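Undergrad: I am sharing query_22.txt, which consists of compact mmCIF, C-alpha atoms:
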```txt
# COMPACT_ATOMS: atom_id res chain seq x y z
CA MET O 1 70.81 22.76 38.76
CA ASN O 2 68.32 24.34 41.12
CA SER O 3 64.66 23.41 41.36
CA TYR O 4 63.54 26.19 39.01
CA GLU O 5 65.88 25.09 36.25
CA LYS O 6 64.78 21.44 36.60
CA LEU O 7 61.11 22.45 36.27
CA LEU O 8 61.87 24.55 33.20
CA SER O 9 63.85 21.73 31.59
CA GLN O 10 61.01 19.25 32.19
CA ALA O 11 58.46 21.64 30.65
CA LYS O 12 60.53 21.98 27.51
CA GLN O 13 60.74 18.19 27.16
CA ASP O 14 56.96 17.80 27.56
CA ALA O 15 56.06 20.56 25.07
CA PRO O 16 54.91 19.20 21.61
CA THR O 17 57.34 19.62 18.79
CA PRO O 18 56.15 21.28 15.55
CA GLU O 19 56.41 17.89 13.81
CA ASN O 20 54.16 16.11 16.35
CA ASP O 21 51.63 18.92 16.32
CA SER O 22 51.39 18.82 12.51
CA GLY O 23 50.85 15.04 12.43
CA HIS O 24 48.10 15.28 15.01
CA LYS O 25 46.27 17.89 12.97
CA ILE O 26 46.52 15.80 9.78
CA LYS O 27 45.17 12.71 11.53
CA LYS O 28 42.30 14.70 12.97
CA ALA O 29 41.50 16.16 9.54
CA ILE O 30 41.44 12.67 7.94
CA THR O 31 39.12 11.32 10.62
CA SER O 32 36.82 14.29 10.21
CA SER O 33 36.76 13.83 6.41
CA LYS O 34 35.85 10.15 6.78
CA TRP O 35 32.90 10.94 9.00
CA ARG O 36 31.71 13.69 6.67
CA LEU O 37 31.89 11.24 3.75
CA ILE O 38 29.95 8.58 5.66
CA LEU O 39 27.28 11.04 6.72
CA SER O 40 27.01 12.44 3.19
CA THR O 41 26.63 8.94 1.74
CA ILE O 42 23.91 8.05 4.22
CA THR O 43 22.10 11.32 3.53
CA VAL O 44 22.22 10.79 -0.25
CA ALA O 45 21.00 7.19 0.14
CA LEU O 46 18.12 8.30 2.34
CA LEU O 47 17.14 10.85 -0.29
CA ILE O 48 17.59 8.57 -3.33
CA VAL O 49 15.43 5.65 -2.12
CA PRO O 50 12.27 7.73 -1.49
CA THR O 51 12.88 9.57 -4.75
CA ILE O 52 13.07 6.29 -6.69
CA TYR O 53 9.90 5.07 -5.01
CA MET O 54 8.17 8.31 -5.94
CA LEU O 55 9.36 8.11 -9.56
CA THR O 56 8.21 4.48 -9.74
CA PHE O 57 4.79 5.41 -8.38
CA VAL O 58 4.51 8.34 -10.81
CA TYR O 59 5.56 6.10 -13.74
CA TYR O 60 2.89 3.50 -13.04
CA ALA O 61 0.09 5.55 -11.50
CA PHE O 62 0.19 8.91 -13.26
CA GLY O 63 1.78 7.60 -16.46
CA THR O 64 -1.23 5.24 -16.79
CA LYS O 65 1.15 2.27 -17.02
CA SER O 66 -0.64 0.46 -14.21
CA THR O 67 -3.99 0.87 -15.96
CA THR O 68 -2.52 -0.28 -19.26
CA LEU O 69 -0.92 -3.37 -17.73
CA MET O 70 -4.17 -4.24 -15.92
CA ASP O 71 -6.14 -3.85 -19.15
CA VAL O 72 -3.68 -5.95 -21.15
CA THR O 73 -3.78 -8.65 -18.47
CA SER O 74 -7.57 -8.73 -18.12
CA TYR O 75 -8.24 -8.55 -21.87
CA THR O 76 -5.84 -11.42 -22.46
CA MET O 77 -7.62 -13.56 -19.89
CA TYR O 78 -11.06 -12.88 -21.33
CA LEU O 79 -9.93 -13.70 -24.88
CA THR O 80 -7.66 -16.70 -24.31
CA GLU O 81 -9.08 -18.45 -21.23
CA PRO O 82 -12.48 -20.04 -22.03
CA ASN O 83 -15.30 -19.46 -19.57
CA THR O 84 -13.39 -17.22 -17.18
CA THR O 85 -13.99 -13.81 -15.70
CA LEU O 86 -12.25 -11.34 -13.38
CA GLU O 87 -13.50 -9.05 -10.64
CA GLU O 88 -12.32 -5.45 -10.34
CA LEU O 89 -12.06 -5.52 -6.56
CA GLU O 90 -9.83 -8.58 -6.74
CA PHE O 91 -6.97 -6.63 -8.38
CA ASP O 92 -4.20 -5.73 -5.92
CA MET O 93 -1.28 -3.50 -6.92
CA ASP O 94 1.93 -2.99 -5.00
CA PHE O 95 4.82 -0.74 -6.08
CA SER O 96 8.49 -1.36 -5.31
CA LEU O 97 11.77 -0.09 -6.78
CA PHE O 98 11.27 0.14 -10.57
CA SER O 99 8.54 -2.53 -10.45
CA MET O 100 4.87 -3.25 -9.89
CA ASP O 101 3.27 -6.40 -8.44
CA LEU O 102 -0.20 -7.28 -9.72
CA SER O 103 -2.32 -9.94 -8.02
CA PHE O 104 -5.82 -11.10 -8.88
CA GLU O 105 -8.21 -14.04 -8.87
CA GLN O 106 -9.78 -15.68 -11.88
CA PHE O 107 -13.31 -17.11 -11.75
CA LYS O 108 -15.20 -19.73 -13.75
CA GLN O 109 -18.94 -20.24 -14.11
CA ILE O 110 -20.01 -23.79 -13.33
CA GLY O 111 -23.75 -24.15 -13.24
CA ASP O 112 -25.26 -21.02 -11.74
CA GLU O 113 -22.29 -20.07 -9.57
CA PHE O 114 -18.90 -18.44 -10.13
CA TYR O 115 -15.98 -20.20 -8.46
CA PRO O 116 -12.43 -18.90 -7.88
CA ILE O 117 -10.15 -21.14 -9.93
CA LYS O 118 -6.74 -19.47 -10.09
CA THR O 119 -4.71 -16.85 -8.27
CA TYR O 120 -2.18 -14.89 -10.33
CA ASN O 121 0.83 -13.03 -8.92
CA LEU O 122 2.60 -11.04 -11.63
CA LYS O 123 5.70 -8.87 -11.30
CA PHE O 124 6.45 -6.19 -13.88
CA ALA O 125 9.77 -4.33 -14.18
CA PHE O 126 8.62 -1.23 -16.07
CA ASP O 127 6.67 -2.80 -19.00
CA GLU O 128 8.27 -6.25 -18.88
CA LEU O 129 6.78 -9.24 -17.08
CA VAL O 130 9.68 -10.67 -15.05
CA ASP O 131 7.90 -13.16 -12.80
CA LYS O 132 4.61 -15.07 -12.84
CA GLU O 133 3.21 -17.36 -10.17
CA ILE O 134 -0.12 -19.16 -10.62
CA SER O 135 -1.88 -21.27 -8.01
CA SER O 136 -4.77 -23.32 -9.38
CA ARG O 137 -7.87 -24.80 -7.75
CA LEU O 138 -8.99 -26.55 -10.93
CA GLU O 139 -9.77 -30.24 -10.77
CA LYS O 140 -9.10 -30.81 -14.48
CA ALA O 141 -5.64 -30.54 -16.05
CA TYR O 142 -6.02 -28.05 -18.88
CA PRO O 143 -3.41 -27.86 -21.68
CA LYS O 144 -0.73 -25.42 -20.54
CA TYR O 145 0.82 -24.85 -23.96
CA PRO O 146 -1.57 -25.73 -26.80
CA THR O 147 -0.12 -27.64 -29.73
CA GLU O 148 -1.59 -28.26 -33.13
CA THR O 149 -3.70 -31.17 -31.87
CA ASN O 150 -4.40 -30.92 -28.13
CA GLN O 151 -7.10 -28.25 -28.26
CA TRP O 152 -10.23 -28.80 -26.19
CA LEU O 153 -12.25 -26.92 -28.79
CA VAL O 154 -11.51 -28.46 -32.18
CA HIS O 155 -11.98 -27.08 -35.69
CA PRO O 156 -14.17 -29.31 -37.95
CA ARG O 157 -11.12 -30.38 -39.98
CA LYS O 158 -9.15 -31.55 -36.96
CA ILE O 159 -9.26 -34.65 -34.77
CA PRO O 160 -8.70 -34.17 -31.03
CA GLU O 161 -6.17 -36.05 -28.93
CA PHE O 162 -8.73 -36.83 -26.24
CA SER O 163 -11.12 -39.80 -26.50
CA THR O 164 -14.67 -38.57 -27.05
CA THR O 165 -16.07 -41.98 -26.08
CA GLU O 166 -14.24 -41.75 -22.77
CA GLU O 167 -15.63 -38.26 -22.19
CA ASP O 168 -19.16 -39.50 -22.90
CA PHE O 169 -18.76 -42.27 -20.27
CA LYS O 170 -17.48 -39.77 -17.71
CA LEU O 171 -20.49 -37.53 -18.25
CA ALA O 172 -22.95 -40.44 -18.12
CA GLY O 173 -21.44 -41.66 -14.86
CA LEU O 174 -21.96 -38.41 -12.98
CA PRO O 175 -24.85 -38.12 -10.49
CA GLU O 176 -27.91 -36.28 -11.71
CA GLU O 177 -27.49 -33.75 -8.90
CA THR O 178 -24.42 -32.18 -10.53
CA VAL O 179 -23.75 -29.24 -12.82
CA VAL O 180 -20.97 -29.43 -15.38
CA GLU O 181 -18.85 -27.40 -17.73
CA ALA O 182 -18.50 -28.84 -21.25
CA TYR O 183 -16.45 -27.91 -24.33
CA LEU O 184 -18.45 -28.55 -27.50
CA SER O 185 -16.83 -28.70 -30.94
CA PHE O 186 -18.98 -28.42 -34.07
CA ASN O 187 -19.08 -30.10 -37.46
CA ASP O 188 -18.99 -26.75 -39.24
CA LEU O 189 -18.64 -23.00 -38.66
CA TYR O 190 -21.73 -21.24 -37.28
CA PRO O 191 -22.77 -17.73 -36.25
CA VAL O 192 -22.65 -17.49 -32.47
CA LYS O 193 -26.25 -16.28 -32.19
CA ASP O 194 -27.48 -19.36 -34.11
CA VAL O 195 -25.58 -21.64 -31.76
CA VAL O 196 -26.99 -19.95 -28.66
CA SER O 197 -30.55 -20.31 -29.96
CA THR O 198 -30.14 -24.09 -30.20
CA MET O 199 -28.59 -24.63 -26.77
CA GLU O 200 -31.60 -25.10 -24.52
CA GLY O 201 -31.32 -25.79 -20.81
CA VAL O 202 -27.72 -24.54 -20.48
CA ASP O 203 -25.71 -21.31 -20.54
CA VAL O 204 -23.36 -20.73 -23.45
CA THR O 205 -20.51 -18.94 -21.68
CA TRP O 206 -17.72 -18.61 -24.28
CA ALA O 207 -17.30 -19.01 -28.04
CA ALA O 208 -14.10 -19.86 -29.90
CA ILE O 209 -13.88 -17.67 -33.00
CA TYR O 210 -12.46 -18.80 -36.33
CA THR O 211 -9.71 -16.43 -37.44
CA GLY O 212 -8.41 -18.23 -40.52
CA VAL O 213 -5.79 -20.38 -38.76
CA GLU O 214 -7.73 -22.82 -36.56
CA ASP O 215 -8.01 -25.53 -39.22
CA THR O 216 -4.24 -26.02 -38.91
CA MET O 217 -3.55 -24.07 -35.67
CA LEU O 218 -0.57 -22.59 -37.52
CA SER O 219 -0.01 -18.98 -38.56
CA ALA O 220 1.14 -17.97 -42.03
CA GLY O 221 4.69 -18.09 -40.67
CA GLY O 222 4.26 -21.65 -39.40
CA ASN O 223 3.95 -20.77 -35.72
CA VAL O 224 1.57 -22.68 -33.45
CA VAL O 225 -1.27 -20.36 -32.45
CA SER O 226 -3.72 -20.42 -29.58
CA PRO O 227 -7.52 -20.41 -29.73
CA ILE O 228 -9.17 -17.08 -28.99
CA GLY O 229 -12.77 -16.09 -28.43
CA TYR O 230 -15.10 -14.06 -26.26
CA PRO O 231 -17.73 -14.41 -23.49
CA VAL O 232 -21.23 -14.87 -24.84
CA LEU O 233 -23.49 -14.05 -21.89
CA PRO O 234 -24.46 -10.46 -21.04
CA ASP O 235 -22.12 -9.07 -18.39
CA SER O 236 -23.01 -6.25 -15.99
CA THR O 237 -19.78 -6.50 -13.96
CA ASN O 238 -18.19 -3.06 -13.72
CA TRP O 239 -14.74 -4.37 -14.53
CA SER O 240 -15.75 -6.40 -17.60
CA PRO O 241 -14.94 -4.90 -21.04
CA PHE O 242 -18.19 -6.51 -22.19
CA LYS O 243 -20.31 -4.62 -19.65
CA ASP O 244 -23.63 -3.68 -21.29
CA ALA O 245 -22.09 -4.20 -24.75
CA GLN O 246 -24.51 -4.14 -27.67
CA SER O 247 -22.21 -6.35 -29.74
CA HIS O 248 -19.70 -8.69 -28.13
CA GLU O 249 -18.18 -9.25 -31.57
CA GLU O 250 -17.28 -5.57 -31.93
CA VAL O 251 -15.86 -5.44 -28.40
CA PHE O 252 -13.86 -8.60 -29.15
CA LEU O 253 -12.30 -7.02 -32.25
CA ASP O 254 -11.58 -3.76 -30.42
CA MET O 255 -9.84 -5.70 -27.65
CA LEU O 256 -7.65 -7.55 -30.15
CA LYS O 257 -6.61 -4.23 -31.67
CA TYR O 258 -5.89 -2.79 -28.24
CA LEU O 259 -3.67 -5.78 -27.39
CA GLN O 260 -1.73 -5.71 -30.65
CA PRO O 261 0.95 -3.17 -29.53
CA TYR O 262 1.34 -5.15 -26.29
CA GLU O 263 1.26 -8.61 -27.85
CA GLU O 264 4.53 -9.70 -26.23
CA ILE O 265 3.16 -8.87 -22.77
CA ALA O 266 -0.13 -10.61 -23.59
CA VAL O 267 1.70 -13.80 -24.59
CA ASP O 268 3.80 -13.68 -21.42
CA VAL O 269 0.72 -13.15 -19.23
CA SER O 270 -1.32 -15.94 -20.81
CA ALA O 271 -0.59 -19.66 -20.91
CA HIS O 272 -0.19 -19.50 -24.69
CA LYS O 273 2.80 -19.34 -26.96
CA ASN O 274 1.57 -17.25 -29.84
CA LEU O 275 -1.40 -15.03 -30.70
CA GLU O 276 -0.51 -13.65 -34.18
CA LEU O 277 -2.92 -10.76 -33.69
CA ALA O 278 -2.19 -8.82 -36.88
CA GLU O 279 -2.96 -11.79 -39.12
CA ARG O 280 -6.12 -12.68 -37.22
CA ILE O 281 -7.45 -9.13 -36.99
CA ASP O 282 -7.04 -8.80 -40.75
CA TYR O 283 -9.02 -12.00 -41.31
CA LEU O 284 -11.88 -10.98 -39.01
CA GLU O 285 -12.23 -7.55 -40.60
CA LYS O 286 -12.54 -9.16 -44.04
CA ASN O 287 -14.60 -12.27 -43.22
CA GLY O 288 -16.61 -11.63 -40.07
CA PHE O 289 -17.19 -13.82 -37.02
CA MET O 290 -17.97 -17.54 -36.97
CA THR O 291 -17.52 -20.10 -34.21
CA TYR O 292 -16.29 -23.69 -34.38
CA GLY O 293 -16.89 -24.48 -30.70
CA VAL O 294 -18.36 -23.15 -27.46
CA VAL O 295 -18.20 -23.71 -23.73
CA VAL O 296 -21.49 -24.43 -21.97
CA THR O 297 -22.47 -25.05 -18.39
CA GLY O 298 -25.62 -26.41 -16.81
CA PRO O 299 -27.25 -29.53 -15.33
CA LYS O 300 -25.57 -32.80 -16.24
CA ASN O 301 -28.76 -34.16 -17.87
CA GLU O 302 -29.19 -31.04 -20.05
CA VAL O 303 -25.61 -31.28 -21.31
CA GLU O 304 -26.18 -34.97 -22.14
CA LYS O 305 -29.15 -33.98 -24.32
CA LEU O 306 -26.93 -31.67 -26.36
CA GLN O 307 -24.83 -34.61 -27.49
CA ASN O 308 -27.71 -35.71 -29.72
CA LYS O 309 -27.53 -32.54 -31.79
CA PRO O 310 -26.07 -33.19 -35.27
CA MET O 311 -23.97 -30.01 -35.13
CA ILE O 312 -21.95 -31.27 -32.13
CA ARG O 313 -18.96 -33.34 -33.22
CA TYR O 314 -16.92 -33.64 -30.02
CA MET O 315 -17.48 -33.03 -26.31
CA LYS O 316 -14.81 -32.51 -23.65
CA LEU O 317 -15.90 -32.50 -20.01
CA GLY O 318 -14.63 -29.61 -17.87
CA GLU O 319 -15.27 -28.81 -14.21
CA VAL O 320 -18.02 -30.49 -12.18
CA LYS O 321 -19.81 -29.17 -9.08
CA LEU O 322 -22.70 -30.18 -6.86
CA TRP O 323 -26.15 -28.95 -7.84
CA ASN O 324 -26.56 -25.18 -7.76
CA TRP O 325 -28.99 -24.66 -10.63
CA ALA O 326 -31.85 -22.49 -9.32
CA ARG O 327 -34.01 -22.27 -12.45
```
Can the structure from this file be put into structure tokens for me?
TA:
Amino acid sequence: MNSYEKLLSQAKQDAPTPENDSGHKIKKAITSSKWRLILSTITVALLIVPTIYMLTFVYYAFGTKSTTLMDVTSYTMYLTEPNTTLEELEFDMDFSLFSMDLSFEQFKQIGDEFYPIKTYNLKFAFDELVDKEISSRLEKAYPKYPTETNQWLVHPRKIPEFSTTEEDFKLAGLPEETVVEAYLSFNDLYPVKDVVSTMEGVDVTWAAIYTGVEDTMLSAGGNVVSPIGYPVLPDSTNWSPFKDAQSHEEVFLDMLKYLQPYEEIAVDVSAHKNLELAERIDYLEKNGFMTYGVVVTGPKNEVEKLQNKPMIRYMKLGEVKLWNWAR
């Protein structure tokens, strides 16, 4: 075989067969398809995540859900947490996938000053509260879940679990240069305005309202209920539902009606087990507003004087601060 024939024979051996060429093309097509699938998946994911964020934002912001949840939260605090208030600028909202985080501080009046007492961090998934974290700066251990007997404001027919004699000694032992918060329970039901007119030298900050169940602290269905009431002092805070209100009683009833469709959320937000709003709203509309106890704050000596009033049956000492009474 001459050189030309050898070269030709070698070329034929090196040339791809139809079978090899077909397999190469199939392998290349599979690899290309895999990359197209990966790129398509990444593209869809990059589009879906911003879309979900946008839909979440629209749901809460433009669907007024964020406003509703803030109102339900703030109303619940005003009505179930004695002597507390919230500030509008302290509300922080943050949106994530299908959820909203709501953070805020709660304040309490002790003497002439308002002190931050709790920080709330709430997480809502759509309309459901899925997580709640509370950090407290309070010096007193308040009942977390009220029972039938451990109320700090006690109906005239009930006897408290705390020792009133012990509370009296605590108050007497405080320095004169202190201001205190005190929970006063009465021997009967009184109109709030009549109570305020008799409380000289202190501020009446919150009144517990009788709603037909506080003598037993049980609803008609036998469920333990929580005390509810409203702030007594005039409030010019922009955020407050009682801002410039002519009648705090009317605002109180309106707030209860507003909360009724969201009662489950209100119970989850608050430290209480049961509100039974329908039953209590019905009672208030038929019988009006009377109080069985109030929260007051002021100089230690002025609170001591109140203990001599015949209407006051029990006193529970709350928070204590150094003198800040500028009156």
Undergrad: Would you work out the distance separating CA of Met255 in chain O from CA of Thr84 in chain O, expressed in Å to one decimal?
TA: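 Separation of CA of Met255 in chain O and CA of Thr84 in chain O: 16.0 Å.
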Undergrad: Mind pulling up the distance from CA of Gly111 in chain O to CA of Lys321 in chain O?
TA: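 So the two atoms, CA of Lys321 in chain O and CA of Gly111 in chain O, lie 7.6 Å apart.
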Undergrad: Could you tell me how far CA of Ser219 in chain O sits from CA of Glu279 in chain O, in Å to one decimal place?
TA: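 Taking CA of Glu279 in chain O as the start and CA of Ser219 in chain O as the end point, the length is 7.8 Å.
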Undergrad: Please write as a compact mmCIF listing (two decimals) with C-alpha atoms, in the frame of the given file the list of polymer residues whose atoms come within 12 Å of (4.9, -8.7, -18.4), counting all atoms listed in the file and keeping to the coordinates of the file.
TA:
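Printed below is result_10.txt as written:
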```txt
# COMPACT_ATOMS: atom_id res chain seq x y z
CA LYS O 65 1.15 2.27 -17.02
CA SER O 66 -0.64 0.46 -14.21
CA THR O 68 -2.52 -0.28 -19.26
CA LEU O 69 -0.92 -3.37 -17.73
CA MET O 70 -4.17 -4.24 -15.92
CA VAL O 72 -3.68 -5.95 -21.15
CA THR O 73 -3.78 -8.65 -18.47
CA THR O 76 -5.84 -11.42 -22.46
CA SER O 99 8.54 -2.53 -10.45
CA MET O 100 4.87 -3.25 -9.89
CA ASP O 101 3.27 -6.40 -8.44
CA LEU O 102 -0.20 -7.28 -9.72
CA ASN O 121 0.83 -13.03 -8.92
CA LEU O 122 2.60 -11.04 -11.63
CA LYS O 123 5.70 -8.87 -11.30
CA PHE O 124 6.45 -6.19 -13.88
CA ALA O 125 9.77 -4.33 -14.18
CA PHE O 126 8.62 -1.23 -16.07
CA ASP O 127 6.67 -2.80 -19.00
CA GLU O 128 8.27 -6.25 -18.88
CA LEU O 129 6.78 -9.24 -17.08
CA VAL O 130 9.68 -10.67 -15.05
CA ASP O 131 7.90 -13.16 -12.80
CA LYS O 132 4.61 -15.07 -12.84
CA TYR O 262 1.34 -5.15 -26.29
CA GLU O 263 1.26 -8.61 -27.85
CA GLU O 264 4.53 -9.70 -26.23
CA ILE O 265 3.16 -8.87 -22.77
CA ALA O 266 -0.13 -10.61 -23.59
CA VAL O 267 1.70 -13.80 -24.59
CA ASP O 268 3.80 -13.68 -21.42
CA VAL O 269 0.72 -13.15 -19.23
CA SER O 270 -1.32 -15.94 -20.81
```
Undergrad: Can you list, as a list of chain:residue names, every protein, DNA or RNA residue that comes within 7 Å of Val154 in chain O when you count all atoms listed in the file, leaving out same-chain residues fewer than 5 positions away?
TA: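 Listing them by chain and then by number gives O:Pro160, O:Ser185, O:Gly293.
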Undergrad: Considering only C-alpha atoms, tabulate each residue of range 107-184 of chain O that lies at most 10 Å from range 303-316 of chain O along with its nearest interatomic pair and the corresponding distance in Å to one decimal; arrange the rows by chain and ascending residue number and present them as a tab-separated table.
TA:
```
residue	atom	partner	partner_atom	distance
O:Gln151	CA	O:Lys316	CA	9.9
O:Trp152	CA	O:Lys316	CA	6.4
O:Leu153	CA	O:Lys316	CA	8.0
O:Val154	CA	O:Tyr314	CA	7.8
O:His155	CA	O:Arg313	CA	9.7
O:Pro156	CA	O:Arg313	CA	7.8
O:Ile159	CA	O:Tyr314	CA	9.1
O:Pro160	CA	O:Tyr314	CA	8.3
O:Phe162	CA	O:Lys316	CA	7.9
O:Ser163	CA	O:Lys316	CA	8.7
O:Thr164	CA	O:Tyr314	CA	6.2
O:Thr165	CA	O:Met315	CA	9.1
O:Glu166	CA	O:Lys316	CA	9.3
O:Glu167	CA	O:Lys316	CA	6.0
O:Asp168	CA	O:Met315	CA	7.5
O:Lys170	CA	O:Lys316	CA	9.8
O:Leu171	CA	O:Glu304	CA	7.4
O:Ala172	CA	O:Glu304	CA	7.5
O:Val179	CA	O:Val303	CA	8.9
O:Val180	CA	O:Val303	CA	7.8
O:Glu181	CA	O:Val303	CA	8.6
O:Ala182	CA	O:Lys316	CA	5.7
O:Tyr183	CA	O:Lys316	CA	4.9
O:Leu184	CA	O:Met315	CA	4.7
```
Undergrad: Hey, which of O:His272, O:Arg137, O:Arg280, O:Arg327 ends up closest to Gly298 in chain O? Count all atoms listed in the file.
TA: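 Checking each of O:His272, O:Arg137, O:Arg280, O:Arg327 against Gly298 in chain O, counting all atoms listed in the file, the winner is O:Arg327.
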Undergrad: Taking only C-alpha atoms into account, name the residue in O:Glu177, O:Asp71, O:Asp188, O:Glu105 that is nearest to Thr85 in chain O.
TA: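 Closest to Thr85 in chain O, using only C-alpha atoms: O:Glu105.
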Undergrad: If we count all atoms listed in the file and set the cut-off at 10 Å, which residues sit around range 192-195 of chain O, ignoring sequence neighbours fewer than 2 positions away in its own chain? Please answer as a ChimeraX atom specification.
TA: /O:186,189-190,197-199,204,206-209,232,249,289-294,311
Undergrad: Rank O:Leu97, O:Leu79, O:Ala141, O:Leu86 by their smallest atom-to-atom distance to Thr119 in chain O, using all atoms listed in the file, and report the top residue only.
TA: O:Leu86
Undergrad: From the set O:Asp244, O:Met77, O:Gly229, O:Asp94, which residue has the shortest atom-to-atom contact distance to Lys118 in chain O, counting all atoms listed in the file?
TA: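 Ranked by minimum distance to Lys118 in chain O, first place goes to O:Met77.
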Undergrad: Pick the closest to Asn187 in chain O from O:Lys140, O:Lys273, O:Lys158, O:His248: which is it, counting all atoms listed in the file?
TA: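 Of O:Lys140, O:Lys273, O:Lys158, O:His248, the one nearest Asn187 in chain O is O:Lys158, counting all atoms listed in the file.
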Undergrad: Here is a test: counting only C-alpha atoms, which residue of O:Leu233, O:Glu250, O:Gln260, O:Gly288 is nearest to Pro191 in chain O?
TA: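 For Pro191 in chain O, the nearest of the given residues is O:Gly288.
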